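Below is one structure, written out as structure tokens; the observations come after it.
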Amino acid sequence: MSSYNKTILRPQEWTLSHSNFYWLTNHAPVSNPSFFPQYPAYECSWSDLAFVAGWTVIFAVLREVMMRGVFAPFMRYWIQQEERKRLARKGARTNGKKQDAAAVANGHSSTITVANGHGINGAGDELRMRKAANDKSSVNGVPSKSKRMTKRQRLEEKKVTRFAEQGWSLFYYVVYWSLGMWIHINSPCYPFNLDNLWIGYPHTPIPGPVKFYYLSQLAFWLNQIIVLNVEERRKDHYQMMTHHIITTTLMIMSYVNGFTRVGCLVLVLFDLCDILLPLAKMFKYMSLEPLPDITFGLFLLSWLVTRQGLYTLVVRSVIFDTLRLLPFLEDGAPEPAMSIPRWATYSALLTGLAILSLIWLLEIVRIAKDAIMGKPVEDTRSDEDDD
């Protein structure tokens, strides 16, 4: 903590209370005149660690509540309804076959003559005999119907879990993208004035909505790291872990160094894609063709615009505009000014996110190509032991 004077962190004595874990602390004497002047402003302080810790737990609890109490029950209900419809269609086909058999009999014996001259007494008896033959697993080593149902139920439960995970992601990103857009619209950078990311630095005190948005987002990403390592490992585990570590590192550095404007802009650019992808997957699990492919196409378009287009401009601004618009320690500016090591670290981490986005784009294009050729959109984040 002895190096706090190199950041916008304020030295203070603070007593830990339960409100620190869910409510903003360390009010500033005045509001920020250029950014949400109508709301209270706050200083950046060490007590913010308690807020982040508290909201990490809140998100963990809220995730379980939404998954187990909302999305999983909904998906189970949906599967039950689809199964009833399937059985109804199957019953209709069976009744149609019975009517055809009665028409062939034409008022004579209900016995249906087969090729060898013998008969099976009635179409219903024939169906029952076929069903009985299918249930005899011990003869040919074929799994019994009960075992097949057990396997199907396991697959359905896995689908329920996947749907609930995507439902939670959709819920979170809709809320936080909306909050982020509201903040961005009221910021000096709206609609896309990148120079105002740096003009007037350091941007303190921090408006209340910005501090809540930033720290709660940080708590969410810390919770994501925990989830990624606790739950069943996926094929893209290391890519996701790299992304989460870079994201949390950038958020911590930008917060303590007063670069929340650029941080808010990056978050709102990234969160739009994270609304459409879970939605496409949910449509896929519900078998609502062609909505998965349509939504995936919108996701691809949003990715190209936000992550490959606008985000690239933000990275360029971090690398070049900061050299032109920010005070640097090496030029004799007082703390908290930018330094060459910090500038290099920000530039490298943001470029790393850009490279990850490009790698994921190649995978997205491959999936889109399969969809165009008539293949269904698949969830590539499957388990490592899936076939």
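Each chain of the structure tokens is named A, B, ... in the order shown, its residues numbered from 1; ligands are numbered from 1 in display order.
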With the cut-off set at 9 Å and counting only C-alpha atoms, tabulate each residue of range 200-245 of chain A with an atom at most that distance from an atom of range 340-363 of chain A, showing the nearest atom pair and its distance in Å to one decimal, ordered by chain and increasing number, as a tab-separated table.
residue	atom	partner	partner_atom	distance
A:Gln239	CA	A:Leu356	CA	7.7
A:Thr242	CA	A:Leu356	CA	8.8
A:His243	CA	A:Leu353	CA	6.8
Name all residues at most 9 Å from Gln217 in chain A (count only C-alpha atoms; drop same-chain ones fewer than 2 positions away) and give them as a ChimeraX atom specification.
/A:52,176,212-215,219-222,251,267
Calculated over only C-alpha atoms, which of the candidates A:Leu24, A:Ile364, A:Val227, A:Leu301 has the smallest distance to Ser47 in chain A?
A:Leu24
May I have the residues within 10 Å of range 148-164 of chain A as a PyMOL selection string, using only C-alpha atoms and disregarding those fewer than 5 positions away in the same chain?
chain A and resi 63-64+66-76+78-79+142-143+169-170+278-279+281-286+379+381-382
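Here CA of Tyr77 in chain A is placed at a distance of 23.2 Å from CA of Thr295 in chain A.
Those residues that approach Val210 in chain A to within 8 Å, counting only C-alpha atoms, are Ile183, Ile206, Pro207, Tyr213, Tyr214, Thr260 and Cys264 of chain A; same-chain residues fewer than 3 positions away are not listed.
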Excluding Pro29 in chain A and residues on its chain fewer than 5 positions from it, collect all residues at most 12 Å away from it, counting only C-alpha atoms, and give them as a PDB file with all heavy atoms, in the first residue's frame.
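Below you can see selection-v7.pdb, which holds the result:
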ATOM      1  N   PRO A  40     -24.101  11.768  -6.784  1.00  0.00           N
ATOM      2  CA  PRO A  40     -22.931  11.845  -5.890  1.00  0.00           C
ATOM      3  C   PRO A  40     -21.715  11.193  -6.536  1.00  0.00           C
ATOM      4  O   PRO A  40     -21.845  10.252  -7.327  1.00  0.00           O
ATOM      5  CB  PRO A  40     -23.384  11.067  -4.648  1.00  0.00           C
ATOM      6  CG  PRO A  40     -24.871  11.037  -4.712  1.00  0.00           C
ATOM      7  CD  PRO A  40     -25.227  11.045  -6.165  1.00  0.00           C
ATOM      8  N   ALA A  41     -20.551  11.695  -6.182  1.00  0.00           N
ATOM      9  CA  ALA A  41     -19.302  11.142  -6.700  1.00  0.00           C
ATOM     10  C   ALA A  41     -18.525  10.507  -5.554  1.00  0.00           C
ATOM     11  O   ALA A  41     -18.767  10.787  -4.380  1.00  0.00           O
ATOM     12  CB  ALA A  41     -18.479  12.223  -7.384  1.00  0.00           C
ATOM     13  N   TYR A  42     -17.575   9.657  -5.932  1.00  0.00           N
ATOM     14  CA  TYR A  42     -16.833   8.885  -4.947  1.00  0.00           C
ATOM     15  C   TYR A  42     -15.352   8.885  -5.303  1.00  0.00           C
ATOM     16  O   TYR A  42     -14.972   9.033  -6.472  1.00  0.00           O
ATOM     17  CB  TYR A  42     -17.325   7.439  -4.891  1.00  0.00           C
ATOM     18  CG  TYR A  42     -18.755   7.296  -4.440  1.00  0.00           C
ATOM     19  CD1 TYR A  42     -19.801   7.478  -5.340  1.00  0.00           C
ATOM     20  CD2 TYR A  42     -19.059   6.981  -3.118  1.00  0.00           C
ATOM     21  CE1 TYR A  42     -21.119   7.356  -4.933  1.00  0.00           C
ATOM     22  CE2 TYR A  42     -20.372   6.850  -2.699  1.00  0.00           C
ATOM     23  CZ  TYR A  42     -21.399   7.037  -3.618  1.00  0.00           C
ATOM     24  OH  TYR A  42     -22.695   6.915  -3.207  1.00  0.00           O
ATOM     25  N   GLU A  43     -14.539   8.720  -4.270  1.00  0.00           N
ATOM     26  CA  GLU A  43     -13.109   8.529  -4.469  1.00  0.00           C
ATOM     27  C   GLU A  43     -12.812   7.036  -4.596  1.00  0.00           C
ATOM     28  O   GLU A  43     -13.599   6.186  -4.170  1.00  0.00           O
ATOM     29  CB  GLU A  43     -12.320   9.115  -3.294  1.00  0.00           C
ATOM     30  CG  GLU A  43     -12.535  10.598  -3.063  1.00  0.00           C
ATOM     31  CD  GLU A  43     -11.892  11.472  -4.128  1.00  0.00           C
ATOM     32  OE1 GLU A  43     -11.204  10.922  -5.015  1.00  0.00           O
ATOM     33  OE2 GLU A  43     -12.075  12.704  -4.072  1.00  0.00           O
ATOM     34  N   THR A 204     -11.400  12.363 -11.971  1.00  0.00           N
ATOM     35  CA  THR A 204     -11.861  12.154 -10.601  1.00  0.00           C
ATOM     36  C   THR A 204     -12.600  13.393 -10.136  1.00  0.00           C
ATOM     37  O   THR A 204     -12.344  14.498 -10.644  1.00  0.00           O
ATOM     38  CB  THR A 204     -10.666  11.893  -9.661  1.00  0.00           C
ATOM     39  OG1 THR A 204      -9.735  12.977  -9.773  1.00  0.00           O
ATOM     40  CG2 THR A 204      -9.984  10.592 -10.012  1.00  0.00           C
ATOM     41  N   PRO A 205     -13.532  13.238  -9.170  1.00  0.00           N
ATOM     42  CA  PRO A 205     -13.976  11.976  -8.561  1.00  0.00           C
ATOM     43  C   PRO A 205     -14.830  11.147  -9.522  1.00  0.00           C
ATOM     44  O   PRO A 205     -15.244  11.646 -10.570  1.00  0.00           O
ATOM     45  CB  PRO A 205     -14.779  12.445  -7.350  1.00  0.00           C
ATOM     46  CG  PRO A 205     -15.298  13.788  -7.750  1.00  0.00           C
ATOM     47  CD  PRO A 205     -14.234  14.409  -8.596  1.00  0.00           C
ATOM     48  N   ILE A 206     -15.112   9.896  -9.137  1.00  0.00           N
ATOM     49  CA  ILE A 206     -15.827   8.974 -10.011  1.00  0.00           C
ATOM     50  C   ILE A 206     -17.320   9.084  -9.743  1.00  0.00           C
ATOM     51  O   ILE A 206     -17.756   8.943  -8.593  1.00  0.00           O
ATOM     52  CB  ILE A 206     -15.365   7.528  -9.765  1.00  0.00           C
ATOM     53  CG1 ILE A 206     -13.844   7.424  -9.881  1.00  0.00           C
ATOM     54  CG2 ILE A 206     -16.039   6.573 -10.735  1.00  0.00           C
ATOM     55  CD1 ILE A 206     -13.298   6.076  -9.437  1.00  0.00           C
ATOM     56  N   PRO A 207     -18.148   9.344 -10.760  1.00  0.00           N
ATOM     57  CA  PRO A 207     -19.599   9.399 -10.538  1.00  0.00           C
ATOM     58  C   PRO A 207     -20.122   8.086  -9.964  1.00  0.00           C
ATOM     59  O   PRO A 207     -19.617   7.000 -10.283  1.00  0.00           O
ATOM     60  CB  PRO A 207     -20.156   9.653 -11.941  1.00  0.00           C
ATOM     61  CG  PRO A 207     -19.020  10.236 -12.712  1.00  0.00           C
ATOM     62  CD  PRO A 207     -17.780   9.628 -12.154  1.00  0.00           C
TER      63      PRO A 207
END
